[in-house]
Amino acid sequence: MEGFHQSPNIFVGEVNIKVKNLDDALTFYQNIMGFKVLEKTDRKAVLTTDGKTSLVTLEQPENVIPKEGRMSGLYHFAILLPSRADLSVFLRHFLGTGYPLGAADHYVSEALYITDPDGNGIEVYRDRPSNEWTWKNGLVDMATVELDGNGILAESDAEWKGLPSGTIMGHIHLHVGDLQKAEDFYTKGLGFTIVSHYPQAVFLSTGGYHHHIAINTWQGVGAPTPPQNSVGLNWYTLVFPDEAARESAIKQLQQLGFPLQKDANYFEVSDPSGNHIRLVI
């Protein structure tokens, strides 16, 4: 792992997902994805890979309704594995489950795409070393081409033991209703830099990563915010290196007219499409 997900960068730490049935979701996230349960109540389960850091939290809201199409919200959250060998072990296990799977090579990374039983998107990927990425005029070269699945499978024959403890939250990709408004929020408000463009999508990062956040209008321009009790994204965290960096972002967001709510451990803000973000240190 390179240092793209540590100070002084701003990066995604944890994602909180709403599901229809917590027990059904847990079966998938534990047995098929390979997470461990850190803590659990009747309506909430915190998932980890290292036994101490929460990466994904599942919540079953009151009167939960299924995910609807053509809404803003989660496209996918992306789990970053430490190595290609880890991706090999994961892929072999996953193929053995018979669960549906997509795949792509993005030049900067090799990725697998999964949809959980509730329709929440998940990417599982490994990064190529950053010295193999191609940059031109401040933009990184990314594409979607066929994945060398056989090459990945040949990388390791190690036994599957769940997600490795070095697994982290690599990035989040969001549906938004207005690309320009979202772009302004993430760049002028939160301090992210645009690093790549794609049809109807923008990729943003800090510290020269290929992307910590992506935004798109693939659900349609003007896609509405889903109801609060709908399956989908509840919130995600952005981890700041220190109080000064977070305070700077808070000031910028307030100047842009975005209200923030303060809690004991975080400030919460919503992007222009209603995606909730917790600013943590």
# chains A, B, ... in the order shown; residues from 1 in each chain; ligands from 1
>>> select_by_dssp(residues="range 21-252 of chain A", states="helix (DSSP H, G or I)", output="PyMOL selection string")
chain A and resi 22-32+84-97+130-132+149-153+179-189+243-252
>>> write_last_selection(atoms="N, CA and C atoms", output="compact mmCIF listing (two decimals), in the first residue's frame")
# COMPACT_ATOMS: atom_id res chain seq x y z
N LEU A 22 -31.14 -6.92 8.08
CA LEU A 22 -29.76 -6.95 8.57
C LEU A 22 -29.17 -8.36 8.55
N ASP A 23 -29.96 -9.35 8.96
CA ASP A 23 -29.42 -10.72 9.01
C ASP A 23 -29.08 -11.24 7.62
N ASP A 24 -29.96 -10.97 6.66
CA ASP A 24 -29.68 -11.40 5.28
C ASP A 24 -28.43 -10.71 4.74
N ALA A 25 -28.33 -9.40 5.01
CA ALA A 25 -27.17 -8.65 4.54
C ALA A 25 -25.89 -9.18 5.18
N LEU A 26 -25.96 -9.49 6.47
CA LEU A 26 -24.77 -9.99 7.17
C LEU A 26 -24.28 -11.31 6.60
N THR A 27 -25.21 -12.18 6.23
CA THR A 27 -24.82 -13.45 5.61
C THR A 27 -23.96 -13.20 4.39
N PHE A 28 -24.38 -12.24 3.57
CA PHE A 28 -23.62 -11.90 2.36
C PHE A 28 -22.27 -11.27 2.72
N TYR A 29 -22.30 -10.25 3.60
CA TYR A 29 -21.07 -9.51 3.89
C TYR A 29 -20.03 -10.35 4.63
N GLN A 30 -20.49 -11.34 5.41
CA GLN A 30 -19.55 -12.20 6.10
C GLN A 30 -19.10 -13.38 5.22
N ASN A 31 -20.04 -14.12 4.68
CA ASN A 31 -19.70 -15.38 4.00
C ASN A 31 -19.18 -15.17 2.58
N ILE A 32 -19.76 -14.20 1.88
CA ILE A 32 -19.36 -14.01 0.48
C ILE A 32 -18.28 -12.94 0.36
N ARG A 84 -2.06 -7.71 -5.48
CA ARG A 84 -2.69 -8.50 -6.54
C ARG A 84 -2.91 -9.95 -6.08
N ALA A 85 -1.99 -10.45 -5.26
CA ALA A 85 -2.17 -11.81 -4.72
C ALA A 85 -3.44 -11.89 -3.88
N ASP A 86 -3.73 -10.83 -3.12
CA ASP A 86 -4.97 -10.81 -2.33
C ASP A 86 -6.20 -10.79 -3.24
N LEU A 87 -6.10 -10.06 -4.35
CA LEU A 87 -7.21 -10.04 -5.31
C LEU A 87 -7.40 -11.43 -5.92
N SER A 88 -6.30 -12.13 -6.15
CA SER A 88 -6.35 -13.49 -6.69
C SER A 88 -7.12 -14.42 -5.75
N VAL A 89 -6.79 -14.37 -4.48
CA VAL A 89 -7.44 -15.23 -3.48
C VAL A 89 -8.93 -14.88 -3.39
N PHE A 90 -9.23 -13.57 -3.39
CA PHE A 90 -10.62 -13.12 -3.33
C PHE A 90 -11.39 -13.60 -4.56
N LEU A 91 -10.81 -13.43 -5.75
CA LEU A 91 -11.50 -13.81 -6.99
C LEU A 91 -11.79 -15.31 -7.03
N ARG A 92 -10.82 -16.13 -6.63
CA ARG A 92 -11.04 -17.58 -6.65
C ARG A 92 -12.17 -17.97 -5.71
N HIS A 93 -12.14 -17.39 -4.50
CA HIS A 93 -13.22 -17.64 -3.54
C HIS A 93 -14.57 -17.20 -4.12
N PHE A 94 -14.60 -16.01 -4.69
CA PHE A 94 -15.86 -15.44 -5.16
C PHE A 94 -16.44 -16.26 -6.29
N LEU A 95 -15.59 -16.68 -7.21
CA LEU A 95 -16.07 -17.53 -8.31
C LEU A 95 -16.68 -18.82 -7.77
N GLY A 96 -16.13 -19.32 -6.68
CA GLY A 96 -16.64 -20.55 -6.06
C GLY A 96 -18.02 -20.38 -5.44
N THR A 97 -18.39 -19.15 -5.10
CA THR A 97 -19.72 -18.92 -4.50
C THR A 97 -20.82 -18.92 -5.56
N SER A 130 1.90 3.33 -8.25
CA SER A 130 1.64 4.65 -8.83
C SER A 130 2.69 5.05 -9.87
N ASN A 131 3.87 4.45 -9.81
CA ASN A 131 4.87 4.79 -10.84
C ASN A 131 4.53 4.17 -12.20
N GLU A 132 3.47 3.36 -12.24
CA GLU A 132 2.99 2.80 -13.52
C GLU A 132 1.78 3.58 -14.06
N GLY A 149 -8.33 -11.88 -15.95
CA GLY A 149 -8.76 -12.72 -14.84
C GLY A 149 -7.85 -13.92 -14.62
N ASN A 150 -7.42 -14.55 -15.71
CA ASN A 150 -6.55 -15.72 -15.57
C ASN A 150 -5.20 -15.34 -14.98
N GLY A 151 -4.71 -14.17 -15.39
CA GLY A 151 -3.45 -13.69 -14.82
C GLY A 151 -3.57 -13.43 -13.33
N ILE A 152 -4.71 -12.89 -12.91
CA ILE A 152 -4.93 -12.65 -11.49
C ILE A 152 -5.02 -13.98 -10.74
N LEU A 153 -5.78 -14.93 -11.28
CA LEU A 153 -5.92 -16.22 -10.61
C LEU A 153 -4.58 -16.95 -10.46
N LEU A 179 -23.76 17.71 -11.98
CA LEU A 179 -22.32 17.46 -11.93
C LEU A 179 -21.54 18.71 -11.53
N GLN A 180 -21.92 19.87 -12.07
CA GLN A 180 -21.18 21.09 -11.78
C GLN A 180 -21.32 21.50 -10.31
N LYS A 181 -22.54 21.41 -9.79
CA LYS A 181 -22.75 21.76 -8.38
C LYS A 181 -21.96 20.82 -7.46
N ALA A 182 -21.99 19.53 -7.80
CA ALA A 182 -21.25 18.56 -6.98
C ALA A 182 -19.75 18.80 -7.08
N GLU A 183 -19.29 19.09 -8.29
CA GLU A 183 -17.86 19.38 -8.51
C GLU A 183 -17.42 20.58 -7.67
N ASP A 184 -18.21 21.64 -7.67
CA ASP A 184 -17.88 22.83 -6.87
C ASP A 184 -17.83 22.50 -5.38
N PHE A 185 -18.79 21.69 -4.94
CA PHE A 185 -18.85 21.30 -3.52
C PHE A 185 -17.57 20.56 -3.12
N TYR A 186 -17.18 19.58 -3.92
CA TYR A 186 -16.03 18.75 -3.54
C TYR A 186 -14.68 19.46 -3.76
N THR A 187 -14.61 20.35 -4.74
CA THR A 187 -13.33 21.05 -4.97
C THR A 187 -13.24 22.32 -4.12
N LYS A 188 -14.19 23.24 -4.28
CA LYS A 188 -14.13 24.52 -3.57
C LYS A 188 -14.47 24.38 -2.09
N GLY A 189 -15.33 23.41 -1.78
CA GLY A 189 -15.73 23.21 -0.39
C GLY A 189 -14.78 22.31 0.38
N GLU A 243 -7.10 18.95 12.83
CA GLU A 243 -8.21 19.88 13.09
C GLU A 243 -8.14 21.11 12.19
N ALA A 244 -6.92 21.59 11.91
CA ALA A 244 -6.77 22.79 11.07
C ALA A 244 -7.29 22.55 9.65
N ALA A 245 -6.98 21.38 9.11
CA ALA A 245 -7.44 21.05 7.75
C ALA A 245 -8.96 20.93 7.71
N ARG A 246 -9.53 20.32 8.75
CA ARG A 246 -10.99 20.18 8.80
C ARG A 246 -11.64 21.55 8.98
N GLU A 247 -11.07 22.38 9.83
CA GLU A 247 -11.61 23.71 10.09
C GLU A 247 -11.62 24.55 8.81
N SER A 248 -10.56 24.41 8.02
CA SER A 248 -10.46 25.12 6.75
C SER A 248 -11.58 24.70 5.80
N ALA A 249 -11.84 23.40 5.72
CA ALA A 249 -12.93 22.89 4.86
C ALA A 249 -14.28 23.36 5.37
N ILE A 250 -14.46 23.36 6.69
CA ILE A 250 -15.74 23.81 7.27
C ILE A 250 -16.01 25.27 6.89
N LYS A 251 -14.98 26.11 7.00
CA LYS A 251 -15.13 27.53 6.64
C LYS A 251 -15.51 27.68 5.17
N GLN A 252 -14.82 26.92 4.31
CA GLN A 252 -15.11 27.00 2.87
C GLN A 252 -16.54 26.54 2.58
>>> select_by_dssp(residues="range 15-254 of chain A", states="strand (DSSP E)", output="ChimeraX atom specification")
/A:15-18,36-40,44-48,56-59,73-80,102-105,109-115,121-127,135-136,139-140,168-175,193-198,201-205,213-216,232-239
>>> closest_residue(among="A:Val269, A:Met71, A:Val64, A:Leu253", to="Gln228 in chain A", atoms="only C-alpha atoms")
A:Val64
>>> closest_residue(among="A:Gly138, A:Gly3, A:Pro117, A:Pro226", to="Leu204 in chain A", atoms="only C-alpha atoms")
A:Gly138
